[in-house]
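What follows is the content of model.cif, which has mmCIF, C-alpha atoms:
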data_query
loop_
_atom_site.group_PDB
_atom_site.id
_atom_site.type_symbol
_atom_site.label_atom_id
_atom_site.label_comp_id
_atom_site.auth_asym_id
_atom_site.auth_seq_id
_atom_site.Cartn_x
_atom_site.Cartn_y
_atom_site.Cartn_z
ATOM 1 C CA MET A 182 10.849 -11.532 -14.810
ATOM 2 C CA LYS A 183 9.898 -8.601 -17.038
ATOM 3 C CA ILE A 184 6.360 -7.517 -17.937
ATOM 4 C CA ALA A 185 6.435 -9.213 -21.344
ATOM 5 C CA GLU A 186 7.798 -12.422 -19.823
ATOM 6 C CA ALA A 187 5.071 -12.473 -17.195
ATOM 7 C CA ALA A 188 2.453 -11.981 -19.903
ATOM 8 C CA ALA A 189 3.913 -14.838 -21.945
ATOM 9 C CA TRP A 190 3.985 -17.088 -18.880
ATOM 10 C CA LEU A 191 0.348 -16.326 -18.064
ATOM 11 C CA GLN A 192 -0.669 -17.374 -21.565
ATOM 12 C CA THR A 193 0.699 -20.868 -20.880
ATOM 13 C CA CYS A 194 -1.203 -21.144 -17.608
ATOM 14 C CA GLU A 195 -4.530 -22.964 -18.059
ATOM 15 C CA GLN A 196 -5.742 -22.802 -14.459
ATOM 16 C CA ALA A 197 -4.651 -20.507 -11.645
ATOM 17 C CA ILE A 198 -5.102 -19.933 -7.949
ATOM 18 C CA ILE A 199 -4.389 -16.261 -7.233
ATOM 19 C CA LEU A 200 -3.343 -15.457 -3.677
ATOM 20 C CA ILE A 201 -3.709 -12.045 -2.037
ATOM 21 C CA HIS A 202 -2.458 -10.946 1.363
ATOM 22 C CA GLN A 203 -4.265 -11.067 4.688
ATOM 23 C CA SER A 204 -6.043 -7.897 5.817
ATOM 24 C CA PRO A 205 -6.781 -7.290 2.116
ATOM 25 C CA ASP A 206 -6.704 -3.760 0.712
ATOM 26 C CA GLY A 207 -7.758 -2.194 -2.564
ATOM 27 C CA ASP A 208 -4.530 -2.970 -4.395
ATOM 28 C CA CYS A 209 -4.332 -6.687 -3.659
ATOM 29 C CA ILE A 210 -8.069 -7.134 -4.212
ATOM 30 C CA GLY A 211 -8.039 -5.098 -7.416
ATOM 31 C CA SER A 212 -4.950 -6.773 -8.861
ATOM 32 C CA GLY A 213 -6.138 -10.253 -7.856
ATOM 33 C CA TYR A 214 -9.574 -9.983 -9.404
ATOM 34 C CA ALA A 215 -8.304 -8.103 -12.462
ATOM 35 C CA LEU A 216 -5.756 -10.854 -13.121
ATOM 36 C CA ALA A 217 -8.392 -13.565 -12.672
ATOM 37 C CA ALA A 218 -10.663 -11.772 -15.157
ATOM 38 C CA LEU A 219 -7.822 -11.403 -17.669
ATOM 39 C CA LEU A 220 -7.076 -15.123 -17.478
ATOM 40 C CA ARG A 221 -10.747 -15.950 -18.015
ATOM 41 C CA LEU A 222 -10.815 -13.719 -21.088
ATOM 42 C CA MET A 223 -8.124 -15.987 -22.505
ATOM 43 C CA GLY A 224 -10.316 -19.030 -21.896
ATOM 44 C CA LYS A 225 -8.570 -20.096 -18.718
ATOM 45 C CA HIS A 226 -9.882 -20.742 -15.206
ATOM 46 C CA ALA A 227 -8.892 -18.688 -12.184
ATOM 47 C CA VAL A 228 -9.956 -18.106 -8.588
ATOM 48 C CA VAL A 229 -8.806 -15.581 -5.981
ATOM 49 C CA ARG A 230 -8.118 -16.709 -2.432
ATOM 50 C CA CYS A 231 -7.457 -14.768 0.767
ATOM 51 C CA SER A 232 -7.079 -15.897 4.374
ATOM 52 C CA ASP A 233 -9.291 -13.029 5.596
ATOM 53 C CA PRO A 234 -12.759 -11.865 4.527
ATOM 54 C CA ILE A 235 -12.893 -9.172 1.831
ATOM 55 C CA PRO A 236 -14.250 -5.887 3.285
ATOM 56 C CA ALA A 237 -17.769 -5.131 2.116
ATOM 57 C CA ARG A 238 -16.813 -1.863 0.429
ATOM 58 C CA TYR A 239 -14.854 -3.848 -2.184
ATOM 59 C CA ALA A 240 -17.789 -6.127 -3.016
ATOM 60 C CA PHE A 241 -18.264 -4.465 -6.419
ATOM 61 C CA LEU A 242 -14.890 -5.877 -7.538
ATOM 62 C CA LEU A 243 -15.547 -9.500 -6.628
ATOM 63 C CA ASP A 244 -16.245 -12.291 -9.091
ATOM 64 C CA ASP A 245 -16.073 -15.754 -7.573
ATOM 65 C CA SER A 246 -17.945 -17.547 -10.323
ATOM 66 C CA ASP A 247 -15.099 -19.815 -11.456
ATOM 67 C CA THR A 248 -13.588 -23.065 -10.156
ATOM 68 C CA VAL A 249 -10.205 -24.702 -10.685
ATOM 69 C CA ASP A 250 -8.646 -28.129 -10.360
ATOM 70 C CA GLU A 251 -6.322 -27.780 -7.352
ATOM 71 C CA SER A 252 -4.093 -30.605 -8.564
ATOM 72 C CA ILE A 253 -3.028 -28.828 -11.763
ATOM 73 C CA ALA A 254 -3.644 -25.130 -11.088
ATOM 74 C CA ALA A 255 -0.690 -22.765 -11.087
ATOM 75 C CA VAL A 256 -0.286 -20.691 -7.931
ATOM 76 C CA ILE A 257 0.233 -16.941 -8.371
ATOM 77 C CA SER A 258 0.539 -14.266 -5.692
ATOM 78 C CA VAL A 259 -0.200 -10.577 -6.234
ATOM 79 C CA ASP A 260 0.825 -7.702 -3.954
ATOM 80 C CA VAL A 261 2.350 -10.123 -1.424
ATOM 81 C CA ALA A 262 5.742 -8.942 -0.179
ATOM 82 C CA ASP A 263 6.374 -11.889 2.149
ATOM 83 C CA ARG A 264 4.822 -15.352 2.208
ATOM 84 C CA LYS A 265 3.871 -14.969 5.868
ATOM 85 C CA LEU A 266 1.405 -12.298 4.712
ATOM 86 C CA LEU A 267 -0.586 -15.116 3.139
ATOM 87 C CA GLY A 268 -1.844 -15.907 6.635
ATOM 88 C CA ASP A 269 -3.442 -19.345 6.922
ATOM 89 C CA LEU A 270 -2.948 -19.912 3.193
ATOM 90 C CA ASP A 271 0.828 -20.020 3.615
ATOM 91 C CA ALA A 272 0.733 -23.566 4.989
ATOM 92 C CA VAL A 273 -1.275 -24.711 1.974
ATOM 93 C CA TYR A 274 0.304 -22.746 -0.882
ATOM 94 C CA GLY A 275 3.450 -21.011 0.389
ATOM 95 C CA ASP A 276 5.859 -23.633 -0.974
ATOM 96 C CA HIS A 277 4.111 -23.805 -4.342
ATOM 97 C CA VAL A 278 3.902 -20.214 -5.578
ATOM 98 C CA GLN A 279 5.129 -20.187 -9.184
ATOM 99 C CA LEU A 280 4.833 -16.472 -9.922
ATOM 100 C CA ALA A 281 4.762 -13.459 -7.611
ATOM 101 C CA ILE A 282 3.655 -10.101 -9.021
ATOM 102 C CA ASP A 283 4.550 -7.319 -6.623
ATOM 103 C CA HIS A 284 5.686 -3.716 -6.206
ATOM 104 C CA HIS A 285 7.093 -3.721 -2.674
ATOM 105 C CA MET A 286 10.654 -2.508 -2.342
ATOM 106 C CA ILE A 287 11.292 -4.995 0.450
ATOM 107 C CA HIS A 288 10.116 -8.179 -1.256
ATOM 108 C CA ARG A 289 11.247 -11.425 0.342
ATOM 109 C CA THR A 290 11.549 -13.929 -2.491
ATOM 110 C CA PHE A 291 9.369 -17.005 -2.038
ATOM 111 C CA ALA A 292 8.087 -17.750 -5.551
ATOM 112 C CA ALA A 293 9.822 -19.642 -8.338
ATOM 113 C CA ALA A 294 9.632 -16.486 -10.480
ATOM 114 C CA CYS A 295 8.963 -12.870 -9.595
ATOM 115 C CA CYS A 296 7.662 -9.936 -11.613
ATOM 116 C CA LEU A 297 8.811 -7.169 -9.295
ATOM 117 C CA TYR A 298 8.626 -3.444 -10.085
ATOM 118 C CA PRO A 299 9.272 -1.394 -6.923
ATOM 119 C CA GLN A 300 8.926 1.834 -8.898
ATOM 120 C CA ALA A 301 5.261 1.061 -9.547
ATOM 121 C CA ALA A 302 2.864 2.845 -7.206
ATOM 122 C CA ALA A 303 0.607 -0.207 -7.004
ATOM 123 C CA THR A 304 0.567 -3.823 -8.085
ATOM 124 C CA CYS A 305 -2.465 -2.858 -10.166
ATOM 125 C CA GLU A 306 -0.149 -0.639 -12.188
ATOM 126 C CA ILE A 307 1.952 -3.722 -13.007
ATOM 127 C CA VAL A 308 -1.100 -5.840 -13.845
ATOM 128 C CA TYR A 309 -2.276 -3.037 -16.155
ATOM 129 C CA ALA A 310 1.073 -3.167 -17.973
ATOM 130 C CA ILE A 311 0.809 -6.970 -18.227
ATOM 131 C CA ALA A 312 -2.751 -6.685 -19.547
ATOM 132 C CA LYS A 313 -1.520 -4.552 -22.438
ATOM 133 C CA GLU A 314 0.766 -7.442 -23.466
ATOM 134 C CA LEU A 315 -2.005 -10.036 -23.457
ATOM 135 C CA PRO A 316 -4.192 -10.964 -26.461
ATOM 136 C CA VAL A 317 -7.350 -9.664 -24.792
ATOM 137 C CA VAL A 318 -9.506 -6.557 -24.703
ATOM 138 C CA MET A 319 -10.006 -5.370 -21.141
ATOM 139 C CA THR A 320 -13.483 -4.914 -19.717
ATOM 140 C CA GLU A 321 -15.121 -2.271 -17.541
ATOM 141 C CA HIS A 322 -14.886 -4.636 -14.570
ATOM 142 C CA ILE A 323 -11.131 -5.011 -15.047
ATOM 143 C CA ALA A 324 -10.782 -1.243 -15.407
ATOM 144 C CA ALA A 325 -12.678 -0.727 -12.134
ATOM 145 C CA CYS A 326 -10.436 -3.269 -10.385
ATOM 146 C CA LEU A 327 -7.230 -1.679 -11.641
ATOM 147 C CA TYR A 328 -8.317 1.892 -10.974
ATOM 148 C CA THR A 329 -9.390 1.004 -7.434
ATOM 149 C CA GLY A 330 -5.997 -0.530 -6.662
ATOM 150 C CA ILE A 331 -4.085 2.395 -8.102
ATOM 151 C CA ALA A 332 -6.252 4.967 -6.337
ATOM 152 C CA THR A 333 -6.141 3.287 -2.938
ATOM 153 C CA ASP A 334 -2.387 2.663 -2.926
ATOM 154 C CA THR A 335 -1.721 6.304 -3.837
ATOM 155 C CA GLY A 336 -4.208 7.866 -1.425
ATOM 156 C CA CYS A 337 -6.237 9.029 -4.411
ATOM 157 C CA PHE A 338 -3.012 10.250 -6.071
ATOM 158 C CA GLN A 339 -1.841 12.214 -3.012
ATOM 159 C CA PHE A 340 1.249 10.154 -2.139
ATOM 160 C CA ASP A 341 4.667 10.724 -3.637
ATOM 161 C CA ASN A 342 4.777 7.157 -4.988
ATOM 162 C CA VAL A 343 2.741 8.579 -7.895
ATOM 163 C CA THR A 344 4.768 8.715 -11.105
ATOM 164 C CA PRO A 345 3.935 9.796 -14.655
ATOM 165 C CA ASN A 346 3.346 6.099 -15.437
ATOM 166 C CA THR A 347 0.821 5.905 -12.600
ATOM 167 C CA LEU A 348 -1.128 8.859 -13.942
ATOM 168 C CA ARG A 349 -0.902 7.548 -17.504
ATOM 169 C CA ALA A 350 -2.309 4.183 -16.431
ATOM 170 C CA ALA A 351 -5.238 5.841 -14.652
ATOM 171 C CA ALA A 352 -5.825 8.234 -17.557
ATOM 172 C CA ASP A 353 -5.720 5.373 -20.084
ATOM 173 C CA LEU A 354 -8.307 3.420 -18.083
ATOM 174 C CA MET A 355 -10.574 6.455 -17.865
ATOM 175 C CA GLU A 356 -10.204 7.149 -21.587
ATOM 176 C CA GLN A 357 -10.832 3.556 -22.670
ATOM 177 C CA PHE A 358 -13.691 2.931 -20.232
ATOM 178 C CA PRO A 359 -15.454 6.261 -19.657
ATOM 179 C CA ASP A 360 -18.598 4.599 -18.290
ATOM 180 C CA VAL A 361 -16.852 3.269 -15.180
ATOM 181 C CA ARG A 362 -17.959 5.461 -12.275
ATOM 182 C CA TYR A 363 -14.498 6.597 -11.175
ATOM 183 C CA ALA A 364 -15.807 9.450 -9.035
ATOM 184 C CA GLN A 365 -18.043 7.009 -7.191
ATOM 185 C CA ILE A 366 -15.079 4.707 -6.594
ATOM 186 C CA ASN A 367 -13.133 7.638 -5.143
ATOM 187 C CA ARG A 368 -16.079 8.583 -2.956
ATOM 188 C CA ALA A 369 -16.549 5.013 -1.701
ATOM 189 C CA MET A 370 -12.849 4.572 -0.988
ATOM 190 C CA PHE A 371 -12.032 7.945 0.544
ATOM 191 C CA ALA A 372 -15.089 9.960 1.536
ATOM 192 C CA VAL A 373 -17.945 7.757 2.706
ATOM 193 C CA LYS A 374 -17.762 6.357 6.240
ATOM 194 C CA SER A 375 -20.290 4.333 8.172
ATOM 195 C CA MET A 376 -21.684 5.704 11.408
ATOM 196 C CA GLY A 377 -19.758 2.968 13.193
ATOM 197 C CA ARG A 378 -16.506 4.139 11.591
ATOM 198 C CA LEU A 379 -17.179 7.743 12.589
ATOM 199 C CA HIS A 380 -17.830 6.660 16.169
ATOM 200 C CA LEU A 381 -14.602 4.637 16.069
ATOM 201 C CA GLU A 382 -12.589 7.626 14.847
ATOM 202 C CA GLN A 383 -14.104 9.752 17.601
ATOM 203 C CA LYS A 384 -13.011 7.240 20.238
ATOM 204 C CA LEU A 385 -9.555 6.882 18.704
ATOM 205 C CA THR A 386 -9.127 10.660 18.591
ATOM 206 C CA ASN A 387 -9.819 10.760 22.315
ATOM 207 C CA GLN A 388 -7.134 8.147 23.042
ATOM 208 C CA MET A 389 -4.463 9.300 20.570
ATOM 209 C CA ARG A 390 -0.966 9.563 21.966
ATOM 210 C CA SER A 391 1.451 12.258 20.853
ATOM 211 C CA TYR A 392 5.222 11.877 21.023
ATOM 212 C CA PHE A 393 8.193 14.100 20.254
ATOM 213 C CA HIS A 394 6.265 17.370 20.212
ATOM 214 C CA GLY A 395 3.552 15.978 17.967
ATOM 215 C CA LYS A 396 5.842 14.469 15.357
ATOM 216 C CA CYS A 397 4.677 10.938 16.113
ATOM 217 C CA ILE A 398 1.010 10.036 16.651
ATOM 218 C CA VAL A 399 0.017 6.602 17.946
ATOM 219 C CA ILE A 400 -3.367 4.894 18.106
ATOM 220 C CA CYS A 401 -3.819 1.480 19.681
ATOM 221 C CA ILE A 402 -6.755 -0.845 19.069
ATOM 222 C CA THR A 403 -6.783 -3.701 21.559
ATOM 223 C CA LEU A 404 -9.110 -6.679 21.623
ATOM 224 C CA ALA A 405 -10.583 -5.246 24.799
ATOM 225 C CA PHE A 406 -11.246 -1.933 22.995
ATOM 226 C CA LEU A 407 -13.075 -3.734 20.200
ATOM 227 C CA GLN A 408 -15.115 -5.759 22.669
ATOM 228 C CA THR A 409 -15.963 -2.823 24.917
ATOM 229 C CA TYR A 410 -17.287 -0.682 22.085
ATOM 230 C CA GLU A 411 -18.653 -3.600 19.998
ATOM 231 C CA ILE A 412 -16.650 -2.545 16.946
ATOM 232 C CA ASP A 413 -16.803 -4.676 13.816
ATOM 233 C CA GLN A 414 -13.426 -5.600 12.301
ATOM 234 C CA ALA A 415 -14.663 -4.221 8.955
ATOM 235 C CA GLU A 416 -14.631 -0.722 10.460
ATOM 236 C CA LEU A 417 -10.835 -0.915 10.811
ATOM 237 C CA ASP A 418 -10.166 -0.980 7.069
ATOM 238 C CA GLY A 419 -7.962 1.895 5.890
ATOM 239 C CA LEU A 420 -7.360 3.205 9.396
ATOM 240 C CA ALA A 421 -3.566 3.331 9.039
ATOM 241 C CA ASN A 422 -3.625 6.801 7.489
ATOM 242 C CA PHE A 423 -5.723 8.274 10.296
ATOM 243 C CA PRO A 424 -2.868 9.372 12.641
ATOM 244 C CA LEU A 425 -1.176 11.387 9.878
ATOM 245 C CA GLN A 426 -4.244 13.611 9.635
ATOM 246 C CA VAL A 427 -2.943 15.395 12.730
ATOM 247 C CA GLU A 428 -1.201 18.634 11.794
ATOM 248 C CA GLY A 429 2.562 18.409 12.337
ATOM 249 C CA ALA A 430 2.666 14.615 12.430
ATOM 250 C CA GLU A 431 5.615 13.072 10.610
ATOM 251 C CA VAL A 432 4.993 9.467 11.637
ATOM 252 C CA GLY A 433 1.692 7.724 12.278
ATOM 253 C CA ILE A 434 1.551 4.366 14.059
ATOM 254 C CA THR A 435 -1.529 2.167 14.266
ATOM 255 C CA LEU A 436 -1.494 -0.902 16.485
ATOM 256 C CA LYS A 437 -4.189 -3.563 16.049
ATOM 257 C CA GLU A 438 -4.223 -6.529 18.419
ATOM 258 C CA ARG A 439 -4.816 -9.631 16.258
ATOM 259 C CA GLU A 440 -4.656 -12.075 19.165
ATOM 260 C CA PRO A 441 -3.691 -11.615 22.829
ATOM 261 C CA ASN A 442 -0.376 -9.712 22.960
ATOM 262 C CA VAL A 443 0.228 -9.958 19.206
ATOM 263 C CA PHE A 444 -0.060 -6.612 17.422
ATOM 264 C CA LYS A 445 -0.229 -5.861 13.710
ATOM 265 C CA ILE A 446 1.611 -2.590 13.180
ATOM 266 C CA SER A 447 0.903 -0.163 10.360
ATOM 267 C CA MET A 448 3.255 2.788 10.025
ATOM 268 C CA ARG A 449 2.948 5.812 7.777
ATOM 269 C CA SER A 450 5.414 8.633 7.115
ATOM 270 C CA SER A 451 4.495 12.086 5.877
ATOM 271 C CA ASP A 452 7.935 13.017 4.617
ATOM 272 C CA ARG A 453 11.461 12.102 5.706
ATOM 273 C CA VAL A 454 11.194 9.098 8.037
ATOM 274 C CA ASP A 455 11.746 5.695 6.402
ATOM 275 C CA VAL A 456 9.124 3.547 8.125
ATOM 276 C CA ALA A 457 10.081 0.498 6.046
ATOM 277 C CA ALA A 458 13.511 0.580 7.709
ATOM 278 C CA ILE A 459 11.853 0.773 11.125
ATOM 279 C CA CYS A 460 9.504 -2.116 10.408
ATOM 280 C CA LYS A 461 12.389 -4.167 9.042
ATOM 281 C CA GLN A 462 13.937 -4.041 12.521
ATOM 282 C CA PHE A 463 10.913 -6.024 13.708
ATOM 283 C CA GLY A 464 10.781 -8.523 10.846
ATOM 284 C CA GLY A 465 8.421 -6.530 8.640
ATOM 285 C CA GLY A 466 8.798 -4.200 5.696
ATOM 286 C CA GLY A 467 6.977 -2.331 2.973
ATOM 287 C CA HIS A 468 7.562 1.065 1.408
ATOM 288 C CA ILE A 469 9.520 4.055 2.671
ATOM 289 C CA LYS A 470 6.317 5.844 3.641
ATOM 290 C CA ALA A 471 3.994 2.915 4.299
ATOM 291 C CA ALA A 472 5.094 -0.247 6.061
ATOM 292 C CA GLY A 473 4.062 -2.817 8.622
ATOM 293 C CA CYS A 474 5.118 -5.641 10.902
ATOM 294 C CA LEU A 475 3.950 -7.936 13.693
ATOM 295 C CA ILE A 476 5.255 -7.478 17.252
ATOM 296 C CA GLU A 477 4.523 -9.562 20.329
ATOM 297 C CA GLY A 478 4.172 -8.014 23.759
ATOM 298 C CA THR A 479 1.818 -5.888 25.780
ATOM 299 C CA ALA A 480 0.506 -2.718 24.182
ATOM 300 C CA GLU A 481 2.813 -0.600 26.322
ATOM 301 C CA GLU A 482 5.862 -2.709 25.467
ATOM 302 C CA VAL A 483 5.129 -2.567 21.751
ATOM 303 C CA ILE A 484 4.509 1.190 21.782
ATOM 304 C CA GLN A 485 7.772 1.729 23.636
ATOM 305 C CA LYS A 486 9.748 -0.304 21.090
ATOM 306 C CA LEU A 487 8.224 1.556 18.168
ATOM 307 C CA THR A 488 8.526 5.048 19.587
ATOM 308 C CA ASP A 489 12.163 4.373 20.547
ATOM 309 C CA ALA A 490 12.822 3.413 16.910
ATOM 310 C CA VAL A 491 11.005 6.502 15.640
ATOM 311 C CA GLU A 492 12.996 8.720 18.033
ATOM 312 C CA ARG A 493 16.258 7.338 16.652
ATOM 313 C CA SER A 494 15.077 7.905 13.097
ATOM 314 C CA LEU A 495 13.987 11.496 13.826
ATOM 315 C CA ALA A 496 17.308 12.213 15.524
ATOM 316 C CA ALA A 497 19.174 10.993 12.454
ATOM 317 C CA GLN A 498 17.385 13.416 10.117
#
As structure tokens, please, write out the structure in this file.
Amino acid sequence: MKIAEAAAWLQTCEQAIILIHQSPDGDCIGSGYALAALLRLMGKHAVVRCSDPIPARYAFLLDDSDTVDESIAAVISVDVADRKLLGDLDAVYGDHVQLAIDHHMIHRTFAAACCLYPQAAATCEIVYAIAKELPVVMTEHIAACLYTGIATDTGCFQFDNVTPNTLRAAADLMEQFPDVRYAQINRAMFAVKSMGRLHLEQKLTNQMRSYFHGKCIVICITLAFLQTYEIDQAELDGLANFPLQVEGAEVGITLKEREPNVFKISMRSSDRVDVAAICKQFGGGGHIKAAGCLIEGTAEEVIQKLTDAVERSLAAQ
């Protein structure tokens, strides 16, 4: 489904349940709440649902003031590459998604229709393009939502997923809505850290593992680690990029134990390694330089599997 088709479809939708992925980030939150606001501007009803709590630093984007009739509401997913990423919501809505709006290269089709643009740096970039096709005038709140998603999924425009269209979208938002505090959004997303987060990074720095002469950096966050240091789950948001801050690192791997011996893996690549291909080996996926998966096993077993895969990828370069 093309942008214009998605916009036309949304105009026929009177009520909507918008689903975003578990462990929500700036792009899914921004695109979800921007889309809900756009629908409301057209006189429709929309709510955003997520299986996990929204991190506090995104509170300025939230608007949960609406309600919908579950029996007639259309179900839309945004920034969800695979229905299993819906978490607990998959059992309720996974078979009923009518439209998926996404930018992931490895998108596993689960919706009746899909508006998929892998060349977009963020799903918010797609929602921005859809918004321009709708009979509405965007608001400052929508602009803040869309900018936040674009900024966070590009590392504040550092990543090479940034295209001229990405920069144009951000520039257009800034030009149309100059009163949005874009610099403050950047600061909140990328610069400000709680004392708890700084303590966490200190502890993780001390337990970092280096492989292949520093080309692969691994951090592992077990349930025992969280319990021992009394770390709040909210402090883990955005941690996946931390290992790549090490000079010389080509691959960063972050393991988070979600339940005993079940690890959520986030992988990042600085240049040549295709981490989406690695994660696909374990049933996951994502982008060439940012991907994830779930792997069962002890921490040592999971680290061994991942580093073996990274070693093969490095050897093939």
Open item on the list: Tell me which residues come within 12 Å of (0.7, 11.4, 18.9), as a VMD selection string, counting all atoms listed in the file in the file's coordinates.
Closed with: chain A and resid 385 to 401 423 to 435 484 488 491
Task: Output check: residues returned by the PyMOL selection byres ((chain A and resi 453-467) around 7), as a ChimeraX atom specification - done: /A:285-287,448-452,468-476,490,494-495
What are the nearest atom pairs, with distances in Å to one decimal, for all residues of region 349-426 of chain A that come at most 9 Å from region 322-326 of chain A, using only C-alpha atoms, set out by chain and rising residue number as a Markdown table?
| residue | atom | partner | partner_atom | distance |
| --- | --- | --- | --- | --- |
| A:Leu354 | CA | A:Ala324 | CA | 5.9 |
| A:Met355 | CA | A:Ala324 | CA | 8.1 |
| A:Gln357 | CA | A:Ala324 | CA | 8.7 |
| A:Phe358 | CA | A:Ala324 | CA | 7.0 |
| A:Val361 | CA | A:Ala325 | CA | 6.5 |
| A:Arg362 | CA | A:Ala325 | CA | 8.1 |
| A:Tyr363 | CA | A:Ala325 | CA | 7.6 |
| A:Ile366 | CA | A:Ala325 | CA | 8.1 |
Check which residues of region 367-440 of chain A sit at most 10 Å from region 335-343 of chain A using all atoms listed in the file, and return one row each with the closest pair of atoms and their distance in Å to one decimal, ordered by chain and rising number, as a tab-separated table.
residue	atom	partner	partner_atom	distance
A:Asn367	CA	A:Cys337	CA	7.1
A:Arg368	CA	A:Cys337	CA	10.0
A:Met370	CA	A:Cys337	CA	8.7
A:Phe371	CA	A:Cys337	CA	7.7
A:Asn422	CA	A:Gly336	CA	9.0
Run the PyMOL selection byres ((chain A and resi 306) around 12) against the file shown and list the residues it catches, as an mmCIF file with C-alpha atoms, keeping the file's coordinate frame.
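The resulting file, out.cif, is reproduced below:
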data_model
loop_
_atom_site.group_PDB
_atom_site.id
_atom_site.type_symbol
_atom_site.label_atom_id
_atom_site.label_comp_id
_atom_site.auth_asym_id
_atom_site.auth_seq_id
_atom_site.Cartn_x
_atom_site.Cartn_y
_atom_site.Cartn_z
ATOM 1 C CA ILE A 184 6.360 -7.517 -17.937
ATOM 2 C CA ASP A 208 -4.530 -2.970 -4.395
ATOM 3 C CA CYS A 209 -4.332 -6.687 -3.659
ATOM 4 C CA GLY A 211 -8.039 -5.098 -7.416
ATOM 5 C CA SER A 212 -4.950 -6.773 -8.861
ATOM 6 C CA ALA A 215 -8.304 -8.103 -12.462
ATOM 7 C CA LEU A 216 -5.756 -10.854 -13.121
ATOM 8 C CA VAL A 259 -0.200 -10.577 -6.234
ATOM 9 C CA ASP A 260 0.825 -7.702 -3.954
ATOM 10 C CA ILE A 282 3.655 -10.101 -9.021
ATOM 11 C CA ASP A 283 4.550 -7.319 -6.623
ATOM 12 C CA HIS A 284 5.686 -3.716 -6.206
ATOM 13 C CA LEU A 297 8.811 -7.169 -9.295
ATOM 14 C CA TYR A 298 8.626 -3.444 -10.085
ATOM 15 C CA PRO A 299 9.272 -1.394 -6.923
ATOM 16 C CA GLN A 300 8.926 1.834 -8.898
ATOM 17 C CA ALA A 301 5.261 1.061 -9.547
ATOM 18 C CA ALA A 302 2.864 2.845 -7.206
ATOM 19 C CA ALA A 303 0.607 -0.207 -7.004
ATOM 20 C CA THR A 304 0.567 -3.823 -8.085
ATOM 21 C CA CYS A 305 -2.465 -2.858 -10.166
ATOM 22 C CA ILE A 307 1.952 -3.722 -13.007
ATOM 23 C CA VAL A 308 -1.100 -5.840 -13.845
ATOM 24 C CA TYR A 309 -2.276 -3.037 -16.155
ATOM 25 C CA ALA A 310 1.073 -3.167 -17.973
ATOM 26 C CA ILE A 311 0.809 -6.970 -18.227
ATOM 27 C CA ALA A 312 -2.751 -6.685 -19.547
ATOM 28 C CA LYS A 313 -1.520 -4.552 -22.438
ATOM 29 C CA ALA A 324 -10.782 -1.243 -15.407
ATOM 30 C CA CYS A 326 -10.436 -3.269 -10.385
ATOM 31 C CA LEU A 327 -7.230 -1.679 -11.641
ATOM 32 C CA TYR A 328 -8.317 1.892 -10.974
ATOM 33 C CA THR A 329 -9.390 1.004 -7.434
ATOM 34 C CA GLY A 330 -5.997 -0.530 -6.662
ATOM 35 C CA ILE A 331 -4.085 2.395 -8.102
ATOM 36 C CA ALA A 332 -6.252 4.967 -6.337
ATOM 37 C CA THR A 333 -6.141 3.287 -2.938
ATOM 38 C CA ASP A 334 -2.387 2.663 -2.926
ATOM 39 C CA THR A 335 -1.721 6.304 -3.837
ATOM 40 C CA ASN A 342 4.777 7.157 -4.988
ATOM 41 C CA VAL A 343 2.741 8.579 -7.895
ATOM 42 C CA THR A 344 4.768 8.715 -11.105
ATOM 43 C CA PRO A 345 3.935 9.796 -14.655
ATOM 44 C CA ASN A 346 3.346 6.099 -15.437
ATOM 45 C CA THR A 347 0.821 5.905 -12.600
ATOM 46 C CA LEU A 348 -1.128 8.859 -13.942
ATOM 47 C CA ARG A 349 -0.902 7.548 -17.504
ATOM 48 C CA ALA A 350 -2.309 4.183 -16.431
ATOM 49 C CA ALA A 351 -5.238 5.841 -14.652
ATOM 50 C CA ALA A 352 -5.825 8.234 -17.557
ATOM 51 C CA ASP A 353 -5.720 5.373 -20.084
ATOM 52 C CA LEU A 354 -8.307 3.420 -18.083
#
Open item on the list: Evaluated on this file, the PyMOL selection byres ((chain A and resi 231) around 8) picks out some residues - which ones are they, written as a ChimeraX atom specification?
Closed with: /A:200-203,205,229-230,232-235,267,270
- [ ] Tell me, as number ranges by chain, which residues lie within 6 Å of Met182 (chain A), counting all atoms listed in the file; anything in the same chain fewer than 2 positions away does not count.
- [x] A: 186, 295-296
- [ ] Tell me which protein, DNA and RNA residues are within 6 Å of Val443 (chain A), counting all atoms listed in the file, leaving out same-chain ones fewer than 2 positions away, and put them as a PyMOL selection string.
- [x] chain A and resi 438-441+476-477
Open item on the list: If we count only C-alpha atoms and set the cut-off at 8 Å, which residues sit around Pro316 (chain A), ignoring sequence neighbours fewer than 2 positions away in its own chain? Please answer as a ChimeraX atom specification.
Closed with: /A:223,314,318
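From CA of Val256 (chain A) back to CA of Val278 (chain A), the distance works out to 4.8 Å.
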Task: Near-Ala254 (chain A) list (7 Å; all atoms listed in the file; drop same-chain fewer than 2 positions) as a PyMOL selection string - done: chain A and resi 196-198+249-252+256
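Comparing the minimum interatomic distances between Glu482 (chain A) and each of A:Leu436, A:Ala496, A:Cys194, A:Ala421, counting all atoms listed in the file, we find that A:Leu436 sits nearest.
Taking CA of Gln192 (chain A) and CA of Ile210 (chain A) as the two end points, the separation is 21.5 Å.
Remark: for Val261 (chain A), the closest of the candidate residues A:Ala292, A:Leu417, A:Ala405, A:Leu487 is A:Ala292 (distances computed over only C-alpha atoms).
Note that the spacing between CA of Leu381 (chain A) and CA of Arg238 (chain A) amounts to 17.1 Å.
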Box along x, y and z, 3 Å on every side, all listed atoms of region 320-329 of chain A inside: centre and edge lengths in Å to one decimal, as JSON.
{"center_x": -11.2, "center_y": -1.6, "center_z": -13.6, "size_x": 13.9, "size_y": 12.9, "size_z": 18.3}
